[in-house]
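Raw contents of work_32.cif, mmCIF, C-alpha atoms:
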```
data_input
#
loop_
_atom_site.label_atom_id
_atom_site.label_comp_id
_atom_site.auth_asym_id
_atom_site.auth_seq_id
_atom_site.Cartn_x
_atom_site.Cartn_y
_atom_site.Cartn_z
CA MET Q 1 10.49 3.66 -45.98
CA GLU Q 2 13.94 2.51 -45.06
CA LYS Q 3 14.24 1.21 -41.51
CA LYS Q 4 16.51 3.59 -39.60
CA LYS Q 5 19.12 2.45 -37.14
CA LYS Q 6 18.32 2.77 -33.44
CA VAL Q 7 19.27 6.19 -32.11
CA SER Q 8 20.49 6.51 -28.52
CA GLU Q 9 18.18 7.92 -25.88
CA THR Q 10 20.71 10.68 -25.11
CA VAL Q 11 20.40 11.96 -28.68
CA ILE Q 12 16.60 11.72 -28.61
CA ARG Q 13 16.47 13.75 -25.40
CA ARG Q 14 18.45 16.53 -27.09
CA LEU Q 15 15.97 16.87 -29.96
CA PRO Q 16 13.28 18.78 -27.98
CA LYS Q 17 15.96 21.32 -27.08
CA TYR Q 18 16.93 21.80 -30.73
CA HIS Q 19 13.25 22.18 -31.52
CA ARG Q 20 12.84 24.84 -28.81
CA TYR Q 21 15.75 26.92 -30.11
CA LEU Q 22 14.73 26.55 -33.73
CA THR Q 23 11.22 27.76 -32.84
CA ASP Q 24 12.74 30.85 -31.18
CA LEU Q 25 14.98 31.45 -34.21
CA MET Q 26 12.02 31.19 -36.57
CA GLU Q 27 10.03 33.66 -34.47
CA GLU Q 28 13.01 36.02 -34.66
CA GLY Q 29 12.93 35.71 -38.46
CA GLU Q 30 16.24 33.86 -38.83
CA ASP Q 31 16.60 31.99 -42.13
CA ARG Q 32 19.79 29.96 -41.74
CA ILE Q 33 21.95 28.82 -38.86
CA SER Q 34 25.36 27.16 -38.74
CA SER Q 35 26.17 24.30 -36.38
CA GLN Q 36 28.61 26.75 -34.74
CA GLU Q 37 25.82 29.22 -33.98
CA LEU Q 38 23.55 26.41 -32.80
CA SER Q 39 26.40 25.33 -30.56
CA GLU Q 40 26.61 28.77 -28.91
CA LEU Q 41 22.85 28.72 -28.28
CA THR Q 42 22.45 25.17 -27.01
CA GLY Q 43 25.78 24.60 -25.31
CA PHE Q 44 26.37 21.38 -27.29
CA THR Q 45 29.51 21.31 -29.43
CA ALA Q 46 29.15 21.93 -33.17
CA SER Q 47 30.47 18.45 -33.97
CA GLN Q 48 28.00 16.94 -31.48
CA ILE Q 49 25.17 18.76 -33.24
CA ARG Q 50 26.27 17.60 -36.70
CA GLN Q 51 26.60 14.06 -35.37
CA ASP Q 52 23.14 14.18 -33.72
CA LEU Q 53 21.47 15.37 -36.89
CA ASN Q 54 23.39 12.91 -39.07
CA ASN Q 55 21.54 10.14 -37.23
CA PHE Q 56 18.47 11.22 -39.14
CA GLY Q 57 20.05 12.05 -42.45
CA GLY Q 58 21.87 15.33 -41.91
CA PHE Q 59 19.72 18.19 -43.33
CA GLY Q 60 22.70 20.55 -43.48
CA GLN Q 61 24.74 21.73 -46.43
CA GLN Q 62 28.52 22.00 -46.03
CA GLY Q 63 29.38 25.68 -45.64
CA TYR Q 64 25.76 26.86 -45.71
CA GLY Q 65 24.51 25.58 -42.37
CA TYR Q 66 20.90 24.61 -41.81
CA LYS Q 67 17.73 26.23 -43.07
CA VAL Q 68 15.91 27.00 -39.82
CA SER Q 69 12.36 26.24 -40.98
CA THR Q 70 13.33 23.02 -42.77
CA LEU Q 71 15.40 21.71 -39.89
CA ARG Q 72 12.59 22.53 -37.45
CA GLU Q 73 10.06 20.72 -39.63
CA GLU Q 74 12.30 17.67 -39.93
CA ILE Q 75 12.74 17.54 -36.17
CA GLU Q 76 8.97 17.86 -35.75
CA LYS Q 77 8.54 14.84 -37.99
CA ILE Q 78 11.19 12.86 -36.10
CA LEU Q 79 9.58 13.73 -32.76
CA GLY Q 80 6.13 12.99 -34.13
CA ILE Q 81 4.80 16.45 -33.21
CA ASP Q 82 2.90 16.39 -36.50
CA VAL Q 83 0.99 13.30 -35.29
CA THR Q 84 -1.80 13.86 -32.76
CA TYR Q 85 -2.08 11.33 -29.96
CA LYS Q 86 -5.29 11.03 -28.00
CA ALA Q 87 -4.67 10.81 -24.28
CA ILE Q 88 -6.52 10.31 -21.02
CA VAL Q 89 -5.51 11.53 -17.58
CA VAL Q 90 -5.91 9.25 -14.55
CA GLY Q 91 -5.91 11.24 -11.30
CA ALA Q 92 -7.98 14.45 -11.22
CA GLY Q 93 -6.10 16.08 -8.35
CA ASN Q 94 -4.20 19.36 -8.66
CA LEU Q 95 -1.54 17.98 -10.95
CA GLY Q 96 -4.03 16.16 -13.18
CA SER Q 97 -5.91 19.41 -13.50
CA VAL Q 98 -2.77 21.38 -14.44
CA ILE Q 99 -1.88 18.82 -17.10
CA SER Q 100 -5.38 18.86 -18.52
CA HIS Q 101 -5.29 22.64 -18.89
CA TYR Q 102 -1.80 23.04 -20.27
CA LYS Q 103 -1.70 24.40 -23.79
CA GLY Q 104 1.88 23.19 -24.33
CA PHE Q 105 0.67 19.60 -24.46
CA ARG Q 106 -1.74 20.21 -27.32
CA ASP Q 107 1.03 22.06 -29.16
CA SER Q 108 3.20 18.97 -28.68
CA GLY Q 109 0.62 16.80 -30.42
CA PHE Q 110 -1.34 15.44 -27.45
CA ASP Q 111 -5.09 15.78 -27.16
CA ILE Q 112 -6.54 15.02 -23.72
CA VAL Q 113 -10.02 13.61 -24.23
CA ALA Q 114 -11.00 12.25 -20.80
CA ILE Q 115 -10.03 12.38 -17.14
CA PHE Q 116 -10.62 9.73 -14.48
CA ASP Q 117 -10.50 9.58 -10.69
CA LYS Q 118 -11.43 7.06 -8.00
CA ASN Q 119 -12.77 9.65 -5.55
CA ASP Q 120 -16.60 9.81 -5.67
CA GLU Q 121 -16.51 13.45 -4.60
CA VAL Q 122 -14.44 14.38 -7.63
CA VAL Q 123 -16.28 12.20 -10.15
CA GLY Q 124 -18.82 14.32 -12.03
CA THR Q 125 -17.03 17.62 -11.39
CA LYS Q 126 -15.50 19.50 -14.32
CA VAL Q 127 -11.82 19.90 -15.15
CA GLY Q 128 -11.81 22.48 -17.91
CA GLU Q 129 -14.26 21.13 -20.48
CA LEU Q 130 -14.04 17.55 -19.26
CA GLU Q 131 -16.29 15.85 -16.73
CA VAL Q 132 -14.32 13.58 -14.41
CA LYS Q 133 -15.28 9.91 -14.89
CA HIS Q 134 -14.96 7.12 -12.34
CA VAL Q 135 -11.81 5.06 -12.80
CA LYS Q 136 -13.86 1.84 -12.65
CA LYS Q 137 -15.15 2.81 -16.10
CA LEU Q 138 -11.60 2.99 -17.51
CA GLU Q 139 -11.66 -0.28 -19.47
CA ARG Q 140 -15.12 0.24 -20.88
CA TYR Q 141 -14.18 3.74 -22.03
CA LEU Q 142 -10.96 2.63 -23.69
CA GLU Q 143 -12.75 -0.24 -25.42
CA LYS Q 144 -15.22 2.25 -26.91
CA HIS Q 145 -12.39 4.63 -27.92
CA PRO Q 146 -9.63 2.46 -29.39
CA ASP Q 147 -7.97 5.54 -30.91
CA ILE Q 148 -6.72 6.60 -27.46
CA THR Q 149 -3.06 5.62 -27.19
CA VAL Q 150 -1.64 7.55 -24.22
CA GLY Q 151 -2.35 7.46 -20.49
CA ILE Q 152 -1.13 10.24 -18.22
CA LEU Q 153 -0.70 9.03 -14.64
CA THR Q 154 -1.14 11.68 -11.96
CA VAL Q 155 -2.21 9.36 -9.14
CA PRO Q 156 -0.31 8.82 -5.87
CA LYS Q 157 2.47 6.26 -5.74
CA ASP Q 158 0.39 3.53 -4.12
CA GLY Q 159 -2.20 2.98 -6.83
CA ALA Q 160 0.05 3.81 -9.76
CA GLN Q 161 1.32 0.36 -10.77
CA GLU Q 162 -2.20 -1.11 -10.74
CA ILE Q 163 -3.49 1.66 -13.01
CA ALA Q 164 -0.49 1.23 -15.32
CA ASP Q 165 -1.25 -2.50 -15.61
CA ARG Q 166 -4.88 -1.78 -16.41
CA LEU Q 167 -3.93 0.80 -19.04
CA ALA Q 168 -1.48 -1.61 -20.65
CA ALA Q 169 -4.05 -4.44 -20.64
CA ALA Q 170 -6.57 -2.08 -22.26
CA GLY Q 171 -4.19 -1.42 -25.15
CA ILE Q 172 -2.59 1.89 -24.16
CA LYS Q 173 0.78 2.30 -25.95
CA GLY Q 174 2.44 5.05 -23.92
CA ILE Q 175 2.33 6.15 -20.29
CA TRP Q 176 3.45 9.56 -19.09
CA ASN Q 177 4.07 8.89 -15.42
CA PHE Q 178 4.17 11.50 -12.66
CA ALA Q 179 3.91 9.03 -9.78
CA PRO Q 180 7.20 8.75 -7.86
CA LEU Q 181 8.02 5.14 -8.65
CA ASP Q 182 9.59 3.16 -11.48
CA LEU Q 183 6.60 1.67 -13.27
CA SER Q 184 6.99 -1.66 -14.95
CA ALA Q 185 4.74 -1.75 -17.97
CA GLY Q 186 4.45 -4.72 -20.29
CA GLU Q 187 6.23 -5.37 -23.57
CA GLY Q 188 5.47 -2.73 -26.16
CA VAL Q 189 4.31 -0.07 -23.69
CA ILE Q 190 6.50 3.02 -23.55
CA VAL Q 191 6.86 4.66 -20.14
CA GLU Q 192 8.17 8.20 -19.79
CA ASN Q 193 8.72 9.24 -16.19
CA VAL Q 194 8.65 12.78 -14.84
CA ARG Q 195 10.57 12.83 -11.59
CA LEU Q 196 9.81 16.10 -9.87
CA VAL Q 197 11.25 15.04 -6.53
CA ASP Q 198 14.44 13.71 -8.14
CA SER Q 199 14.88 17.06 -9.85
CA LEU Q 200 14.34 18.90 -6.57
CA LEU Q 201 16.84 16.65 -4.78
CA THR Q 202 19.40 17.42 -7.48
CA LEU Q 203 18.91 21.12 -6.77
CA SER Q 204 19.23 20.35 -3.06
CA TYR Q 205 22.53 18.54 -3.70
CA TYR Q 206 24.06 21.46 -5.57
CA LEU Q 207 22.85 23.99 -2.98
CA THR Q 208 24.25 21.88 -0.16
CA ASP Q 209 27.45 21.20 -2.08
CA SER Q 210 28.04 24.91 -2.69
CA GLU Q 211 28.08 25.39 1.09
CA ARG Q 212 30.38 22.44 1.85
CA MET T 17 36.12 18.99 6.50
CA GLU T 18 38.14 17.62 3.61
CA LYS T 19 37.17 19.09 0.25
CA LYS T 20 35.73 16.29 -1.88
CA LYS T 21 36.46 15.92 -5.57
CA LYS T 22 33.81 17.07 -8.00
CA VAL T 23 31.30 14.32 -8.74
CA SER T 24 29.76 14.14 -12.22
CA GLU T 25 26.17 15.29 -12.74
CA THR T 26 25.24 11.85 -14.07
CA VAL T 27 26.17 10.29 -10.72
CA ILE T 28 24.35 13.02 -8.77
CA ARG T 29 21.18 12.42 -10.79
CA ARG T 30 21.26 8.73 -9.84
CA LEU T 31 21.33 9.46 -6.09
CA PRO T 32 17.62 10.36 -5.77
CA LYS T 33 16.80 6.99 -7.34
CA TYR T 34 18.96 5.15 -4.82
CA HIS T 35 17.26 7.13 -2.10
CA ARG T 36 13.81 6.19 -3.40
CA TYR T 37 14.63 2.46 -3.45
CA LEU T 38 16.33 2.53 -0.06
CA THR T 39 13.25 4.21 1.42
CA ASP T 40 11.07 1.42 0.00
CA LEU T 41 13.46 -1.23 1.36
CA MET T 42 13.41 0.36 4.81
CA GLU T 43 9.61 0.44 4.80
CA GLU T 44 9.66 -3.26 3.89
CA GLY T 45 11.89 -3.88 6.92
CA GLU T 46 15.02 -4.88 4.98
CA ASP T 47 18.23 -4.58 6.99
CA ARG T 48 21.01 -5.15 4.46
CA ILE T 49 21.32 -5.11 0.68
CA SER T 50 24.11 -6.16 -1.66
CA SER T 51 25.13 -4.10 -4.67
CA GLN T 52 23.87 -7.06 -6.74
CA GLU T 53 20.37 -6.79 -5.23
CA LEU T 54 20.43 -3.01 -5.64
CA SER T 55 21.38 -3.60 -9.25
CA GLU T 56 18.32 -5.79 -9.84
CA LEU T 57 16.09 -3.11 -8.34
CA THR T 58 17.54 -0.04 -9.99
CA GLY T 59 18.68 -1.42 -13.33
CA PHE T 60 22.22 -0.01 -12.82
CA THR T 61 25.04 -2.58 -12.81
CA ALA T 62 26.49 -3.66 -9.46
CA SER T 63 29.90 -2.25 -10.35
CA GLN T 64 28.29 1.04 -11.39
CA ILE T 65 26.59 1.22 -7.99
CA ARG T 66 29.81 0.49 -6.09
CA GLN T 67 31.60 3.10 -8.18
CA ASP T 68 28.85 5.69 -7.62
CA LEU T 69 28.93 5.22 -3.86
CA ASN T 70 32.73 5.17 -3.75
CA ASN T 71 32.61 8.80 -4.90
CA PHE T 72 31.35 9.62 -1.42
CA GLY T 73 33.41 7.20 0.59
CA GLY T 74 31.89 3.79 -0.07
CA PHE T 75 29.68 2.87 2.94
CA GLY T 76 29.70 -0.85 2.03
CA GLN T 77 31.59 -3.74 3.55
CA GLN T 78 33.12 -6.34 1.24
CA GLY T 79 30.90 -9.43 1.36
CA TYR T 80 28.30 -7.87 3.68
CA GLY T 81 26.70 -5.34 1.37
CA TYR T 82 25.19 -2.13 2.64
CA LYS T 83 23.17 -1.47 5.76
CA VAL T 84 19.94 -0.03 4.31
CA SER T 85 19.26 2.59 7.00
CA THR T 86 22.87 3.81 7.13
CA LEU T 87 23.24 4.04 3.36
CA ARG T 88 19.93 5.90 3.13
CA GLU T 89 21.02 8.36 5.82
CA GLU T 90 24.35 8.96 4.12
CA ILE T 91 22.62 9.65 0.81
CA GLU T 92 20.24 12.03 2.60
CA LYS T 93 23.25 13.93 3.89
CA ILE T 94 24.89 14.00 0.46
CA LEU T 95 21.68 15.25 -1.14
CA GLY T 96 21.15 17.74 1.66
CA ILE T 97 17.67 16.39 2.48
CA ASP T 98 18.53 16.92 6.14
CA VAL T 99 18.94 20.66 5.46
CA THR T 100 15.77 22.73 5.08
CA TYR T 101 15.78 25.39 2.37
CA LYS T 102 13.26 28.20 2.48
CA ALA T 103 11.70 28.82 -0.89
CA ILE T 104 9.30 31.19 -2.62
CA VAL T 105 7.13 30.47 -5.65
CA VAL T 106 6.79 33.07 -8.40
CA GLY T 107 3.70 32.41 -10.52
CA ALA T 108 0.46 31.57 -8.69
CA GLY T 109 -1.23 29.84 -11.62
CA ASN T 110 -2.27 26.19 -11.62
CA LEU T 111 1.27 24.85 -11.58
CA GLY T 112 2.42 27.25 -8.86
CA SER T 113 -0.53 26.13 -6.80
CA VAL T 114 0.28 22.43 -7.29
CA ILE T 115 3.88 23.01 -6.26
CA SER T 116 2.85 24.96 -3.18
CA HIS T 117 0.56 22.13 -2.04
CA TYR T 118 2.84 19.21 -2.74
CA LYS T 119 3.91 17.32 0.37
CA GLY T 120 6.85 15.67 -1.44
CA PHE T 121 8.70 19.00 -1.55
CA ARG T 122 8.62 19.49 2.21
CA ASP T 123 9.81 15.89 2.62
CA SER T 124 12.71 16.77 0.32
CA GLY T 125 13.77 19.60 2.59
CA PHE T 126 12.07 22.57 0.95
CA ASP T 127 9.74 24.87 2.83
CA ILE T 128 7.64 27.21 0.69
CA VAL T 129 7.08 30.40 2.67
CA ALA T 130 5.60 32.84 0.12
CA ILE T 131 4.02 32.97 -3.32
CA PHE T 132 4.00 35.87 -5.78
CA ASP T 133 2.10 36.80 -8.92
CA LYS T 134 1.82 39.85 -11.18
CA ASN T 135 -1.92 39.48 -11.78
CA ASP T 136 -3.92 41.88 -9.58
CA GLU T 137 -6.87 39.50 -9.59
CA VAL T 138 -4.77 36.73 -8.07
CA VAL T 139 -2.88 38.90 -5.56
CA GLY T 140 -4.54 38.64 -2.15
CA THR T 141 -6.19 35.26 -2.84
CA LYS T 142 -5.05 32.21 -0.89
CA VAL T 143 -2.99 29.30 -2.14
CA GLY T 144 -3.17 26.81 0.71
CA GLU T 145 -2.10 28.77 3.78
CA LEU T 146 -0.30 31.45 1.80
CA GLU T 147 -1.71 34.76 0.59
CA VAL T 148 -0.47 35.62 -2.88
CA LYS T 149 1.74 38.75 -2.87
CA HIS T 150 2.37 41.12 -5.77
CA VAL T 151 5.58 40.39 -7.60
CA LYS T 152 6.59 44.05 -7.39
CA LYS T 153 7.18 43.38 -3.69
CA LEU T 154 9.63 40.58 -4.44
CA GLU T 155 12.85 42.48 -3.61
CA ARG T 156 11.51 44.07 -0.47
CA TYR T 157 10.29 40.69 0.78
CA LEU T 158 13.58 38.94 0.10
CA GLU T 159 15.51 41.74 1.78
CA LYS T 160 13.41 41.26 4.91
CA HIS T 161 13.85 37.46 4.74
CA PRO T 162 17.49 36.81 3.90
CA ASP T 163 17.14 33.16 4.96
CA ILE T 164 15.19 32.41 1.76
CA THR T 165 17.56 30.74 -0.69
CA VAL T 166 15.38 29.14 -3.38
CA GLY T 167 13.03 30.55 -6.01
CA ILE T 168 10.57 28.31 -7.82
CA LEU T 169 9.65 29.74 -11.21
CA THR T 170 6.19 28.80 -12.50
CA VAL T 171 5.64 31.83 -14.73
CA PRO T 172 5.17 31.74 -18.52
CA LYS T 173 8.22 31.72 -20.76
CA ASP T 174 8.10 35.43 -21.60
CA GLY T 175 8.62 36.89 -18.15
CA ALA T 176 10.84 34.11 -16.81
CA GLN T 177 14.33 35.49 -17.54
CA GLU T 178 13.48 38.86 -15.99
CA ILE T 179 12.22 37.21 -12.79
CA ALA T 180 15.30 34.98 -12.68
CA ASP T 181 17.54 38.06 -12.94
CA ARG T 182 15.64 39.77 -10.14
CA LEU T 183 15.85 36.68 -7.93
CA ALA T 184 19.59 36.39 -8.53
CA ALA T 185 20.13 40.10 -7.83
CA ALA T 186 18.18 39.71 -4.59
CA GLY T 187 20.53 36.98 -3.39
CA ILE T 188 18.60 33.80 -4.28
CA LYS T 189 21.03 30.85 -4.58
CA GLY T 190 18.96 28.27 -6.44
CA ILE T 191 16.18 28.43 -9.03
CA TRP T 192 13.84 25.55 -9.79
CA ASN T 193 12.60 26.51 -13.23
CA PHE T 194 9.41 25.22 -14.87
CA ALA T 195 9.34 27.85 -17.64
CA PRO T 196 10.16 26.31 -21.04
CA LEU T 197 13.42 28.13 -21.72
CA ASP T 198 17.06 27.82 -20.76
CA LEU T 199 17.51 30.44 -18.08
CA SER T 200 20.83 32.14 -17.74
CA ALA T 201 21.41 32.98 -14.13
CA GLY T 202 24.50 34.69 -12.83
CA GLU T 203 27.63 33.19 -11.32
CA GLY T 204 26.91 31.24 -8.17
CA VAL T 205 23.19 30.70 -8.88
CA ILE T 206 22.18 27.10 -9.45
CA VAL T 207 19.40 26.51 -11.99
CA GLU T 208 17.55 23.22 -12.13
CA ASN T 209 15.16 22.98 -15.05
CA VAL T 210 12.04 20.82 -15.24
CA ARG T 211 11.22 20.30 -18.89
CA LEU T 212 7.71 18.92 -19.07
CA VAL T 213 7.33 19.52 -22.80
CA ASP T 214 10.74 17.96 -23.55
CA SER T 215 9.65 14.88 -21.63
CA LEU T 216 6.37 14.73 -23.52
CA LEU T 217 8.17 15.09 -26.87
CA THR T 218 10.44 12.20 -25.92
CA LEU T 219 7.33 10.08 -25.33
CA SER T 220 6.00 11.30 -28.66
CA TYR T 221 9.24 10.24 -30.38
CA TYR T 222 9.09 6.69 -29.02
CA LEU T 223 5.39 6.34 -29.83
CA THR T 224 5.97 7.58 -33.37
CA ASP T 225 9.11 5.48 -33.74
CA SER T 226 7.26 2.31 -32.68
CA GLU T 227 4.90 2.84 -35.63
CA ARG T 228 7.62 3.57 -38.20
#
```
Structure rendered as structure tokens:
Amino acid sequence: MEKKKKVSETVIRRLPKYHRYLTDLMEEGEDRISSQELSELTGFTASQIRQDLNNFGGFGQQGYGYKVSTLREEIEKILGIDVTYKAIVVGAGNLGSVISHYKGFRDSGFDIVAIFDKNDEVVGTKVGELEVKHVKKLERYLEKHPDITVGILTVPKDGAQEIADRLAAAGIKGIWNFAPLDLSAGEGVIVENVRLVDSLLTLSYYLTDSER
Amino acid sequence: MEKKKKVSETVIRRLPKYHRYLTDLMEEGEDRISSQELSELTGFTASQIRQDLNNFGGFGQQGYGYKVSTLREEIEKILGIDVTYKAIVVGAGNLGSVISHYKGFRDSGFDIVAIFDKNDEVVGTKVGELEVKHVKKLERYLEKHPDITVGILTVPKDGAQEIADRLAAAGIKGIWNFAPLDLSAGEGVIVENVRLVDSLLTLSYYLTDSER
């Protein structure tokens, strides 16, 4: 397969949105959509949309727009939704439990196979179908299950970097981080941060600004 | 007070990160920091940082850098962290429960005072200190408590737009939306979306791309 050129992160972050709208359109029975119509739905300009999709080879036909199901499938391939990644959760608190239960993650191609915590009172309890394991067993578990590639971090800020280092050393390729700090992971480890507090502070800014 | 010029969303979204690093620096007892040192911490360029802060009046002194505590305080004012917003949660499922318990939200200036759900089996149960109310009482409750300005939406996708419309009609000024759709709220209502699945799909893209 031909090596594709590097696509900017801004474009990548728009793809899930395209995928969301295309899924809605498919459910509504739509067959084709023009970049103009996609523009009205997504709020991106039509030329932006054409440019975004051209990064991956286009998929549209001049004057005919895009076939909804085909475009959706292509975006699924680009995003790797068709690949299943095995994941573990570290941190069996409330958030870890939410993540473990959430159907949307399985639909996105992630399969959570184990959950760890350092708290002896939590170890051995059940989160959904999974029994919480002690975090000291992390390395041994990952060694036995080399097909696990993703670690989901739902621990407090203070222990987060240490756990990230241990995950990286144990061969984890991607970390989905909910701890409120900027993790440094080694070469070749992809970190995706979810910044709930940053999002809330953005809302706070706009609320405060509207009163200024 | 002089009306300030509109600052771009990209700049606004960097402010919580500055705030996070300045809080760390203060806890470490640092007194002053140069834009160069801030650059090494945050990954933004020094000139970017100076430009960002100049949007709000600067705060730095040529050759002396920034006073950590003062800069942090100024950013808190800009972000409105010093203002407390009363909020309600709609959707008392796992995620709603996590949000209601999370200390970080109170620290960010949000005070969750009530939680609603449509499920009769959940209504009347406790989430932390709060007793879950039926969502049919939403309007009456908000009318009695006009000081509530924020609605946190942790309902499934299907009911989300209807709830958002009801919140807006009842005078809510800001919606923090966890439902996986692009809400349209009326004029004057600020919507901040948290897109967990979009974030996960971005991770999926980079994992898949690293294997291509």
**Request:** Pick out the chain Q residues within 8 Å of chain T. Count all atoms listed in the file. Give them as JSON, numbers by chain.
**Result:** {"Q": [3, 12, 13, 16, 17, 20, 78, 79, 80, 81, 83, 94, 95, 97, 98, 104, 105, 108, 109, 173, 174, 176, 181, 190, 191, 192, 193, 194, 196, 197, 198, 199, 200, 201, 202, 203, 204, 205, 206, 207, 208, 212]}
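Residues lying within 10 Å of Ser39 in chain Q, counting only C-alpha atoms and ignoring same-chain neighbours fewer than 6 positions away, are Thr45, Ala46, Ser47, Gln48, Ile49 and Arg50 of chain Q.
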**Item:** Sphere at (19.5, -7.0, 6.2), radius 10 Å, counting all atoms listed in the file: residues as a PyMOL selection string
**Value:** chain T and resi 41-42+45-50+80-85
**Message:** Excluding Leu183 in chain T and its own-chain neighbours fewer than 2 positions away, which residues fall within 12 Å of it when counting all atoms listed in the file? Please give them as a PyMOL selection string.
**Reply:** chain T and resi 103-106+151-159+162+164-169+176-181+185-193+200-202+205-207
Keeping only C-alpha atoms, take the residues you just selected and write them out as a PDB file, in the frame of the given file.
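Contents of the output file part.pdb:
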```pdb
ATOM      1  CA  ALA T 103      11.700  28.820  -0.890  1.00  0.00           C
ATOM      2  CA  ILE T 104       9.300  31.190  -2.620  1.00  0.00           C
ATOM      3  CA  VAL T 105       7.130  30.470  -5.650  1.00  0.00           C
ATOM      4  CA  VAL T 106       6.790  33.070  -8.400  1.00  0.00           C
ATOM      5  CA  VAL T 151       5.580  40.390  -7.600  1.00  0.00           C
ATOM      6  CA  LYS T 152       6.590  44.050  -7.390  1.00  0.00           C
ATOM      7  CA  LYS T 153       7.180  43.380  -3.690  1.00  0.00           C
ATOM      8  CA  LEU T 154       9.630  40.580  -4.440  1.00  0.00           C
ATOM      9  CA  GLU T 155      12.850  42.480  -3.610  1.00  0.00           C
ATOM     10  CA  ARG T 156      11.510  44.070  -0.470  1.00  0.00           C
ATOM     11  CA  TYR T 157      10.290  40.690   0.780  1.00  0.00           C
ATOM     12  CA  LEU T 158      13.580  38.940   0.100  1.00  0.00           C
ATOM     13  CA  GLU T 159      15.510  41.740   1.780  1.00  0.00           C
ATOM     14  CA  PRO T 162      17.490  36.810   3.900  1.00  0.00           C
ATOM     15  CA  ILE T 164      15.190  32.410   1.760  1.00  0.00           C
ATOM     16  CA  THR T 165      17.560  30.740  -0.690  1.00  0.00           C
ATOM     17  CA  VAL T 166      15.380  29.140  -3.380  1.00  0.00           C
ATOM     18  CA  GLY T 167      13.030  30.550  -6.010  1.00  0.00           C
ATOM     19  CA  ILE T 168      10.570  28.310  -7.820  1.00  0.00           C
ATOM     20  CA  LEU T 169       9.650  29.740 -11.210  1.00  0.00           C
ATOM     21  CA  ALA T 176      10.840  34.110 -16.810  1.00  0.00           C
ATOM     22  CA  GLN T 177      14.330  35.490 -17.540  1.00  0.00           C
ATOM     23  CA  GLU T 178      13.480  38.860 -15.990  1.00  0.00           C
ATOM     24  CA  ILE T 179      12.220  37.210 -12.790  1.00  0.00           C
ATOM     25  CA  ALA T 180      15.300  34.980 -12.680  1.00  0.00           C
ATOM     26  CA  ASP T 181      17.540  38.060 -12.940  1.00  0.00           C
ATOM     27  CA  ALA T 185      20.130  40.100  -7.830  1.00  0.00           C
ATOM     28  CA  ALA T 186      18.180  39.710  -4.590  1.00  0.00           C
ATOM     29  CA  GLY T 187      20.530  36.980  -3.390  1.00  0.00           C
ATOM     30  CA  ILE T 188      18.600  33.800  -4.280  1.00  0.00           C
ATOM     31  CA  LYS T 189      21.030  30.850  -4.580  1.00  0.00           C
ATOM     32  CA  GLY T 190      18.960  28.270  -6.440  1.00  0.00           C
ATOM     33  CA  ILE T 191      16.180  28.430  -9.030  1.00  0.00           C
ATOM     34  CA  TRP T 192      13.840  25.550  -9.790  1.00  0.00           C
ATOM     35  CA  ASN T 193      12.600  26.510 -13.230  1.00  0.00           C
ATOM     36  CA  SER T 200      20.830  32.140 -17.740  1.00  0.00           C
ATOM     37  CA  ALA T 201      21.410  32.980 -14.130  1.00  0.00           C
ATOM     38  CA  GLY T 202      24.500  34.690 -12.830  1.00  0.00           C
ATOM     39  CA  VAL T 205      23.190  30.700  -8.880  1.00  0.00           C
ATOM     40  CA  ILE T 206      22.180  27.100  -9.450  1.00  0.00           C
ATOM     41  CA  VAL T 207      19.400  26.510 -11.990  1.00  0.00           C
TER      42      VAL T 207
END
```
**Request:** Quick one: pull the distance between CA of Ala114 in chain Q and CA of Ala195 in chain T, Å, one decimal.
**Result:** 25.8 Å
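Straight-line separation from CA of Leu38 in chain Q to CA of Ser8 in chain Q: 20.6 Å.
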The PyMOL selection byres ((chain Q and resi 133) around 8) on the file shown: which residues, as a compact mmCIF listing (two decimals) with C-alpha atoms, in the coordinates of the input?
```txt
# COMPACT_ATOMS: atom_id res chain seq x y z
CA ALA Q 114 -11.00 12.25 -20.80
CA ILE Q 115 -10.03 12.38 -17.14
CA PHE Q 116 -10.62 9.73 -14.48
CA ASP Q 117 -10.50 9.58 -10.69
CA VAL Q 123 -16.28 12.20 -10.15
CA GLY Q 124 -18.82 14.32 -12.03
CA GLU Q 131 -16.29 15.85 -16.73
CA VAL Q 132 -14.32 13.58 -14.41
CA HIS Q 134 -14.96 7.12 -12.34
CA VAL Q 135 -11.81 5.06 -12.80
CA LYS Q 137 -15.15 2.81 -16.10
```
Mind working out the centre and edge lengths of an axis-aligned box for range 72-78 of chain Q, all listed atoms inside, 5 Å added to each side, rounded to one decimal in Å and written as JSON?
```
{"center_x": 10.6, "center_y": 17.7, "center_z": -37.8, "size_x": 14.2, "size_y": 19.7, "size_z": 14.2}
```
**Request:** Kindly give the distance, in Å, that separates CA of Leu183 in chain Q and CA of Asp111 in chain Q, rounded to a single decimal.
**Result:**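 Between CA of Leu183 in chain Q and CA of Asp111 in chain Q the gap is 23.0 Å.
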